[in-house]
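Enquirer: What follows is data21.txt, made up of compact mmCIF, N, CA and C atoms:
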```txt
# COMPACT_ATOMS: atom_id res chain seq x y z
N MET A 200 -24.67 -2.96 -18.65
CA MET A 200 -24.13 -1.95 -19.54
C MET A 200 -25.26 -1.48 -20.45
N THR A 201 -25.27 -0.21 -20.76
CA THR A 201 -26.28 0.35 -21.63
C THR A 201 -26.06 -0.14 -23.06
N PRO A 202 -27.11 -0.08 -23.91
CA PRO A 202 -26.91 -0.49 -25.31
C PRO A 202 -25.81 0.31 -26.01
N LEU A 203 -25.75 1.62 -25.74
CA LEU A 203 -24.69 2.44 -26.34
C LEU A 203 -23.32 2.01 -25.82
N GLY A 204 -23.22 1.77 -24.52
CA GLY A 204 -21.96 1.33 -23.93
C GLY A 204 -21.52 0.01 -24.49
N SER A 205 -22.45 -0.90 -24.67
CA SER A 205 -22.14 -2.21 -25.23
C SER A 205 -21.63 -2.08 -26.66
N SER A 206 -22.26 -1.21 -27.44
CA SER A 206 -21.85 -0.98 -28.82
C SER A 206 -20.46 -0.36 -28.87
N LEU A 207 -20.21 0.67 -28.04
CA LEU A 207 -18.91 1.34 -28.02
C LEU A 207 -17.81 0.39 -27.54
N SER A 208 -18.13 -0.43 -26.56
CA SER A 208 -17.16 -1.39 -26.04
C SER A 208 -16.73 -2.36 -27.14
N GLY A 209 -17.68 -2.83 -27.92
CA GLY A 209 -17.38 -3.75 -29.02
C GLY A 209 -16.51 -3.10 -30.08
N VAL A 210 -16.80 -1.84 -30.41
CA VAL A 210 -16.00 -1.12 -31.41
C VAL A 210 -14.58 -0.93 -30.91
N ALA A 211 -14.43 -0.52 -29.66
CA ALA A 211 -13.09 -0.30 -29.08
C ALA A 211 -12.30 -1.61 -29.08
N ALA A 212 -12.93 -2.68 -28.66
CA ALA A 212 -12.24 -3.98 -28.60
C ALA A 212 -11.80 -4.44 -29.99
N ARG A 213 -12.67 -4.26 -30.99
CA ARG A 213 -12.32 -4.68 -32.36
C ARG A 213 -11.14 -3.87 -32.90
N LEU A 214 -11.13 -2.56 -32.67
CA LEU A 214 -10.03 -1.72 -33.16
C LEU A 214 -8.72 -2.07 -32.47
N ILE A 215 -8.77 -2.30 -31.17
CA ILE A 215 -7.55 -2.65 -30.45
C ILE A 215 -7.08 -4.05 -30.86
N THR A 216 -8.00 -4.96 -31.09
CA THR A 216 -7.63 -6.30 -31.56
C THR A 216 -6.94 -6.21 -32.92
N ARG A 217 -7.45 -5.34 -33.78
CA ARG A 217 -6.90 -5.21 -35.13
C ARG A 217 -5.55 -4.50 -35.15
N TYR A 218 -5.40 -3.43 -34.36
CA TYR A 218 -4.21 -2.59 -34.45
C TYR A 218 -3.29 -2.67 -33.23
N GLY A 219 -3.71 -3.36 -32.20
CA GLY A 219 -2.93 -3.39 -30.96
C GLY A 219 -1.75 -4.33 -31.00
N ALA A 220 -0.84 -4.11 -30.07
CA ALA A 220 0.34 -4.95 -29.91
C ALA A 220 0.16 -5.81 -28.65
N PRO A 221 0.71 -7.03 -28.67
CA PRO A 221 0.59 -7.87 -27.48
C PRO A 221 1.45 -7.34 -26.33
N MET A 222 0.93 -7.45 -25.13
CA MET A 222 1.63 -7.03 -23.93
C MET A 222 1.08 -7.81 -22.75
N VAL A 223 1.73 -7.69 -21.60
CA VAL A 223 1.30 -8.42 -20.41
C VAL A 223 1.23 -7.46 -19.23
N LEU A 224 0.06 -7.42 -18.58
CA LEU A 224 -0.13 -6.64 -17.36
C LEU A 224 0.15 -7.55 -16.18
N SER A 225 1.08 -7.14 -15.32
CA SER A 225 1.44 -7.92 -14.14
C SER A 225 0.93 -7.20 -12.90
N LYS A 226 0.05 -7.85 -12.16
CA LYS A 226 -0.48 -7.30 -10.92
C LYS A 226 0.04 -8.14 -9.76
N THR A 227 0.32 -7.51 -8.65
CA THR A 227 0.74 -8.24 -7.46
C THR A 227 -0.47 -8.39 -6.55
N GLU A 228 -0.89 -9.62 -6.37
CA GLU A 228 -2.06 -9.93 -5.55
C GLU A 228 -1.62 -10.16 -4.11
N ALA A 229 -2.47 -9.80 -3.19
CA ALA A 229 -2.26 -10.04 -1.76
C ALA A 229 -0.90 -9.49 -1.31
N ALA A 230 -0.61 -8.26 -1.70
CA ALA A 230 0.66 -7.65 -1.30
C ALA A 230 0.65 -7.35 0.18
N SER A 231 1.79 -7.57 0.81
CA SER A 231 1.92 -7.25 2.24
C SER A 231 3.29 -6.62 2.49
N TYR A 232 3.33 -5.75 3.48
CA TYR A 232 4.55 -5.05 3.83
C TYR A 232 5.25 -5.78 4.98
N ASP A 233 6.54 -6.04 4.81
CA ASP A 233 7.33 -6.68 5.86
C ASP A 233 8.20 -5.60 6.50
N PRO A 234 7.85 -5.15 7.72
CA PRO A 234 8.62 -4.07 8.35
C PRO A 234 10.06 -4.47 8.68
N ALA A 235 10.34 -5.76 8.85
CA ALA A 235 11.70 -6.21 9.16
C ALA A 235 12.65 -5.98 7.99
N THR A 236 12.16 -6.21 6.76
CA THR A 236 13.01 -6.04 5.58
C THR A 236 12.73 -4.74 4.85
N GLY A 237 11.58 -4.12 5.14
CA GLY A 237 11.21 -2.88 4.46
C GLY A 237 10.75 -3.11 3.03
N SER A 238 10.31 -4.34 2.72
CA SER A 238 9.90 -4.64 1.36
C SER A 238 8.44 -5.06 1.31
N VAL A 239 7.87 -4.94 0.12
CA VAL A 239 6.50 -5.37 -0.13
C VAL A 239 6.57 -6.66 -0.93
N THR A 240 5.88 -7.68 -0.47
CA THR A 240 5.88 -8.96 -1.18
C THR A 240 4.45 -9.34 -1.53
N GLY A 241 4.31 -10.15 -2.53
CA GLY A 241 3.01 -10.62 -2.97
C GLY A 241 3.17 -11.58 -4.12
N THR A 242 2.07 -12.14 -4.56
CA THR A 242 2.08 -13.09 -5.66
C THR A 242 1.72 -12.37 -6.95
N PRO A 243 2.64 -12.34 -7.93
CA PRO A 243 2.31 -11.68 -9.19
C PRO A 243 1.36 -12.55 -10.04
N SER A 244 0.45 -11.89 -10.73
CA SER A 244 -0.41 -12.59 -11.68
C SER A 244 -0.32 -11.84 -13.01
N ASP A 245 -0.12 -12.60 -14.09
CA ASP A 245 0.03 -12.02 -15.42
C ASP A 245 -1.27 -12.10 -16.21
N HIS A 246 -1.56 -11.01 -16.94
CA HIS A 246 -2.77 -10.93 -17.75
C HIS A 246 -2.39 -10.47 -19.15
N PRO A 247 -2.34 -11.40 -20.14
CA PRO A 247 -2.01 -10.99 -21.50
C PRO A 247 -3.14 -10.13 -22.08
N LEU A 248 -2.77 -9.15 -22.88
CA LEU A 248 -3.76 -8.27 -23.50
C LEU A 248 -3.15 -7.61 -24.72
N LEU A 249 -3.97 -6.87 -25.42
CA LEU A 249 -3.52 -6.09 -26.58
C LEU A 249 -3.72 -4.62 -26.25
N GLY A 250 -2.81 -3.78 -26.73
CA GLY A 250 -2.93 -2.35 -26.48
C GLY A 250 -2.33 -1.53 -27.60
N ILE A 251 -2.76 -0.30 -27.68
CA ILE A 251 -2.23 0.67 -28.64
C ILE A 251 -1.24 1.54 -27.87
N VAL A 252 0.01 1.61 -28.35
CA VAL A 252 1.07 2.35 -27.67
C VAL A 252 1.33 3.66 -28.41
N GLU A 253 1.39 4.76 -27.65
CA GLU A 253 1.66 6.08 -28.21
C GLU A 253 2.78 6.75 -27.42
N SER A 254 3.60 7.52 -28.09
CA SER A 254 4.58 8.36 -27.42
C SER A 254 3.86 9.58 -26.86
N VAL A 255 4.38 10.11 -25.76
CA VAL A 255 3.81 11.32 -25.19
C VAL A 255 4.51 12.52 -25.82
N SER A 256 3.73 13.46 -26.28
CA SER A 256 4.29 14.66 -26.91
C SER A 256 5.14 15.43 -25.91
N ALA A 257 6.22 16.01 -26.40
CA ALA A 257 7.12 16.80 -25.55
C ALA A 257 6.39 17.97 -24.90
N ALA A 258 5.31 18.43 -25.51
CA ALA A 258 4.54 19.55 -24.96
C ALA A 258 3.89 19.19 -23.62
N PHE A 259 3.70 17.89 -23.34
CA PHE A 259 3.04 17.45 -22.11
C PHE A 259 4.03 17.08 -21.00
N VAL A 260 5.33 17.12 -21.30
CA VAL A 260 6.33 16.74 -20.30
C VAL A 260 6.37 17.81 -19.22
N GLY A 261 6.37 17.36 -17.98
CA GLY A 261 6.37 18.25 -16.82
C GLY A 261 5.32 17.75 -15.85
N GLY A 262 5.56 17.91 -14.57
CA GLY A 262 4.60 17.40 -13.59
C GLY A 262 4.64 15.89 -13.55
N LEU A 263 3.52 15.24 -13.80
CA LEU A 263 3.43 13.79 -13.76
C LEU A 263 4.12 13.13 -14.95
N VAL A 264 4.13 13.78 -16.10
CA VAL A 264 4.66 13.19 -17.33
C VAL A 264 6.14 13.50 -17.48
N GLN A 265 6.93 12.46 -17.76
CA GLN A 265 8.36 12.62 -17.97
C GLN A 265 8.72 12.26 -19.41
N ASN A 266 9.85 12.77 -19.86
CA ASN A 266 10.33 12.46 -21.20
C ASN A 266 10.51 10.94 -21.33
N GLY A 267 10.01 10.35 -22.39
CA GLY A 267 10.13 8.92 -22.61
C GLY A 267 8.93 8.11 -22.14
N ASP A 268 7.99 8.75 -21.45
CA ASP A 268 6.77 8.04 -21.03
C ASP A 268 5.95 7.65 -22.24
N LEU A 269 5.13 6.62 -22.07
CA LEU A 269 4.24 6.15 -23.13
C LEU A 269 2.80 6.15 -22.63
N LEU A 270 1.87 6.33 -23.56
CA LEU A 270 0.44 6.16 -23.27
C LEU A 270 -0.01 4.87 -23.94
N VAL A 271 -0.67 4.01 -23.18
CA VAL A 271 -1.14 2.74 -23.70
C VAL A 271 -2.65 2.68 -23.51
N THR A 272 -3.38 2.38 -24.58
CA THR A 272 -4.83 2.25 -24.52
C THR A 272 -5.19 0.79 -24.64
N VAL A 273 -5.97 0.28 -23.67
CA VAL A 273 -6.43 -1.11 -23.70
C VAL A 273 -7.94 -1.13 -23.54
N ALA A 274 -8.57 -2.14 -24.14
CA ALA A 274 -10.02 -2.28 -24.05
C ALA A 274 -10.40 -2.83 -22.69
N GLY A 275 -11.43 -2.26 -22.09
CA GLY A 275 -11.88 -2.71 -20.78
C GLY A 275 -12.36 -4.15 -20.79
N GLU A 276 -13.01 -4.57 -21.85
CA GLU A 276 -13.54 -5.93 -21.89
C GLU A 276 -12.45 -6.98 -22.03
N ASP A 277 -11.25 -6.59 -22.48
CA ASP A 277 -10.15 -7.55 -22.60
C ASP A 277 -9.57 -7.96 -21.25
N LEU A 278 -9.88 -7.20 -20.21
CA LEU A 278 -9.27 -7.46 -18.90
C LEU A 278 -10.15 -8.30 -17.98
N SER A 279 -11.33 -8.64 -18.39
CA SER A 279 -12.22 -9.54 -17.62
C SER A 279 -12.30 -9.16 -16.14
N GLY A 280 -12.61 -7.92 -15.86
CA GLY A 280 -12.79 -7.50 -14.48
C GLY A 280 -11.53 -7.05 -13.78
N ILE A 281 -10.38 -7.24 -14.39
CA ILE A 281 -9.12 -6.77 -13.80
C ILE A 281 -9.00 -5.28 -14.10
N ARG A 282 -8.65 -4.50 -13.10
CA ARG A 282 -8.47 -3.06 -13.32
C ARG A 282 -7.00 -2.69 -13.13
N PRO A 283 -6.38 -2.14 -14.18
CA PRO A 283 -4.99 -1.70 -14.02
C PRO A 283 -4.93 -0.58 -12.96
N ALA A 284 -3.80 -0.49 -12.28
CA ALA A 284 -3.64 0.51 -11.23
C ALA A 284 -2.18 0.96 -11.18
N PRO A 285 -1.94 2.17 -10.69
CA PRO A 285 -0.55 2.59 -10.50
C PRO A 285 0.18 1.56 -9.63
N GLY A 286 1.42 1.28 -10.01
CA GLY A 286 2.20 0.28 -9.29
C GLY A 286 2.23 -1.06 -10.01
N ASP A 287 1.31 -1.28 -10.94
CA ASP A 287 1.34 -2.50 -11.75
C ASP A 287 2.50 -2.41 -12.73
N LEU A 288 2.82 -3.52 -13.34
CA LEU A 288 3.90 -3.59 -14.32
C LEU A 288 3.31 -3.97 -15.67
N LEU A 289 3.71 -3.30 -16.73
CA LEU A 289 3.25 -3.61 -18.08
C LEU A 289 4.47 -3.96 -18.92
N ARG A 290 4.50 -5.19 -19.46
CA ARG A 290 5.61 -5.61 -20.32
C ARG A 290 5.20 -5.45 -21.78
N ILE A 291 5.96 -4.62 -22.49
CA ILE A 291 5.73 -4.36 -23.90
C ILE A 291 6.98 -4.81 -24.64
N ASP A 292 6.85 -5.76 -25.55
CA ASP A 292 8.00 -6.32 -26.28
C ASP A 292 9.10 -6.77 -25.32
N GLY A 293 8.70 -7.34 -24.19
CA GLY A 293 9.66 -7.86 -23.23
C GLY A 293 10.27 -6.82 -22.30
N THR A 294 9.97 -5.54 -22.53
CA THR A 294 10.51 -4.47 -21.69
C THR A 294 9.48 -4.10 -20.63
N ALA A 295 9.93 -4.07 -19.38
CA ALA A 295 9.03 -3.75 -18.27
C ALA A 295 8.85 -2.24 -18.13
N HIS A 296 7.60 -1.83 -17.96
CA HIS A 296 7.24 -0.44 -17.74
C HIS A 296 6.38 -0.38 -16.48
N ASP A 297 6.64 0.61 -15.62
CA ASP A 297 5.80 0.83 -14.45
C ASP A 297 4.56 1.60 -14.86
N VAL A 298 3.40 1.19 -14.34
CA VAL A 298 2.17 1.95 -14.57
C VAL A 298 2.17 3.11 -13.57
N VAL A 299 2.19 4.33 -14.10
CA VAL A 299 2.27 5.54 -13.28
C VAL A 299 0.88 6.09 -12.99
N ASN A 300 0.01 6.06 -13.99
CA ASN A 300 -1.33 6.63 -13.85
C ASN A 300 -2.29 5.87 -14.75
N VAL A 301 -3.54 5.78 -14.33
CA VAL A 301 -4.57 5.10 -15.11
C VAL A 301 -5.79 6.00 -15.21
N THR A 302 -6.27 6.21 -16.42
CA THR A 302 -7.51 6.93 -16.65
C THR A 302 -8.52 5.93 -17.21
N THR A 303 -9.70 5.90 -16.62
CA THR A 303 -10.75 4.98 -17.07
C THR A 303 -11.79 5.74 -17.87
N ILE A 304 -12.12 5.24 -19.04
CA ILE A 304 -13.21 5.79 -19.84
C ILE A 304 -14.32 4.76 -19.76
N ALA A 305 -15.46 5.18 -19.19
CA ALA A 305 -16.52 4.23 -18.87
C ALA A 305 -17.88 4.75 -19.31
N THR A 306 -18.80 3.81 -19.42
CA THR A 306 -20.20 4.13 -19.58
C THR A 306 -20.90 3.50 -18.38
N GLY A 307 -21.47 4.31 -17.54
CA GLY A 307 -22.02 3.78 -16.30
C GLY A 307 -20.88 3.29 -15.43
N THR A 308 -20.97 2.05 -15.00
CA THR A 308 -19.91 1.49 -14.14
C THR A 308 -18.97 0.57 -14.89
N GLU A 309 -19.25 0.31 -16.15
CA GLU A 309 -18.43 -0.60 -16.95
C GLU A 309 -17.36 0.15 -17.73
N PRO A 310 -16.08 -0.22 -17.55
CA PRO A 310 -15.02 0.47 -18.29
C PRO A 310 -15.00 0.08 -19.77
N LEU A 311 -14.93 1.09 -20.64
CA LEU A 311 -14.78 0.86 -22.08
C LEU A 311 -13.30 0.75 -22.42
N LEU A 312 -12.52 1.71 -21.92
CA LEU A 312 -11.10 1.78 -22.21
C LEU A 312 -10.34 2.16 -20.95
N PHE A 313 -9.09 1.74 -20.90
CA PHE A 313 -8.16 2.23 -19.89
C PHE A 313 -7.02 2.90 -20.63
N ARG A 314 -6.60 4.08 -20.16
CA ARG A 314 -5.44 4.79 -20.71
C ARG A 314 -4.37 4.75 -19.63
N LEU A 315 -3.27 4.06 -19.91
CA LEU A 315 -2.21 3.89 -18.93
C LEU A 315 -1.01 4.76 -19.30
N LEU A 316 -0.54 5.53 -18.34
CA LEU A 316 0.70 6.27 -18.50
C LEU A 316 1.77 5.36 -17.90
N VAL A 317 2.73 4.93 -18.74
CA VAL A 317 3.75 3.98 -18.29
C VAL A 317 5.14 4.56 -18.49
N ARG A 318 6.06 4.06 -17.65
CA ARG A 318 7.43 4.58 -17.66
C ARG A 318 8.41 3.43 -17.45
N ARG A 319 9.56 3.46 -18.15
CA ARG A 319 10.62 2.46 -17.95
C ARG A 319 11.34 2.71 -16.66
```
Show me the file's structure as structure tokens.

Expert:
Amino acid sequence: MTPLGSSLSGVAARLITRYGAPMVLSKTEAASYDPATGSVTGTPSDHPLLGIVESVSAAFVGGLVQNGDLLVTVAGEDLSGIRPAPGDLLRIDGTAHDVVNVTTIATGTEPLLFRLLVRR
């Protein structure tokens, strides 16, 4: 990581640690499709983290964004190499939200922040 990237990553992590809410990212590892049942199975793995939760403005509703969606910002360094992806599950205050879209803010190849669009 570049010196600037390292500095920005530290600032982002400190702010999210200070103002973020606890949540859990659930990823399904080694998912496989069973054609007999038509279901996808795999082993879930939970990753606790902190994130900043925002409501999506009504002006952005339409297309990918639906009414009631949330934007969640998490620090890249808090995930220790785990990358959130659409299809993951994010539990906020015990309520499960599907990860619909992920935007990565990075310096070089190292992610500084992830912005997750989540939906109940």

Enquirer: Excluding range 232-248 of chain A and residues on its chain fewer than 3 positions from it, collect all residues at most 8 Å away from it, counting only C-alpha atoms, and give them as a ChimeraX atom specification.

Expert: /A:221-229,273,277-278

Enquirer: Can you list, as number ranges by chain, all residues belonging to chain A that DSSP tags as strand (DSSP E)?

Expert: A: 220-233, 238-254, 269-274, 288-291, 294-306, 309-318

Enquirer: Determine the axis-aligned bounding box of all atoms of range 217-231 of chain A present in the file, pad each side by 5 Å, and express its centre and edge lengths in Å to one decimal place as JSON.

Expert:
```
{"center_x": -2.1, "center_y": -6.4, "center_z": -16.3, "size_x": 20.7, "size_y": 17.6, "size_z": 47.6}
```

Enquirer: Could you go through chain A and tell me which residues DSSP, when run on the backbone, assigns to helix (DSSP H, G or I), listing them as a list in words?

Expert: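 Filtering chain A down to helix (DSSP H, G or I) leaves Pro202, Leu203, Gly204, Ser205, Ser206, Leu207, Ser208, Gly209, Val210, Ala211, Ala212, Arg213, Leu214, Ile215, Thr216, Arg217, Tyr218, Ala257, Ala258, Phe259, Gly275, Glu276, Asp277 and Leu278 of chain A.
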
Enquirer: For atom C of Gln265 in chain A and atom N of Val298 in chain A, determine how far apart the two atoms are, in Å to one decimal place.

Expert: 13.3 Å

Enquirer: Mind pulling up the distance from CA of Gly293 in chain A to CA of Ser256 in chain A?

Expert: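 Calculated distance between CA of Ser256 in chain A and CA of Gly293 in chain A is 23.4 Å.
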
Enquirer: When you draw a straight line from atom C of Arg213 in chain A to atom C of Thr306 in chain A, how long is it in Å?

Expert: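 Between these atoms lies a distance of 19.0 Å.
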
Enquirer: Using only N, CA and C atoms for the distances, tell me which of A:Thr216, A:Phe259, A:Leu270, A:Gly275 is nearest to Glu309 in chain A.

Expert: A:Gly275

Enquirer: From the set A:Ser231, A:Ile215, A:Gly267, A:Glu276, which residue has the shortest atom-to-atom contact distance to Ile251 in chain A, counting all atoms listed in the file?

Expert: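 Distance minimum relative to Ile251 in chain A lands on A:Ile215.
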
Enquirer: From the list A:Ala284, A:Leu263, A:Leu269, A:Ala211, which residue is nearest Thr302 in chain A when using only C-alpha atoms?

Expert: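 Nearest to Thr302 in chain A: A:Ala284.
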
Enquirer: Given only C-alpha atoms as the basis, pick out the residue of A:Leu214, A:Asn300, A:Thr308, A:Gly280 nearest to Val264 in chain A.

Expert: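 Between A:Leu214, A:Asn300, A:Thr308, A:Gly280, the residue approaching Val264 in chain A most closely is A:Asn300.
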
Enquirer: Between A:Ile281, A:Val252, A:Ala257, A:Gly286, which has the minimum distance to Pro310 in chain A (counting only C-alpha atoms)?

Expert: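 When distances to Pro310 in chain A are compared using only C-alpha atoms, the smallest one comes from A:Ile281.
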
Enquirer: Go through A:Ala295, A:Leu289, A:Leu249, A:Ala274 and flag the residue nearest Phe313 in chain A, using only C-alpha atoms for the distances.

Expert: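 Checking each candidate against Phe313 in chain A, we get A:Ala274 as the closest.
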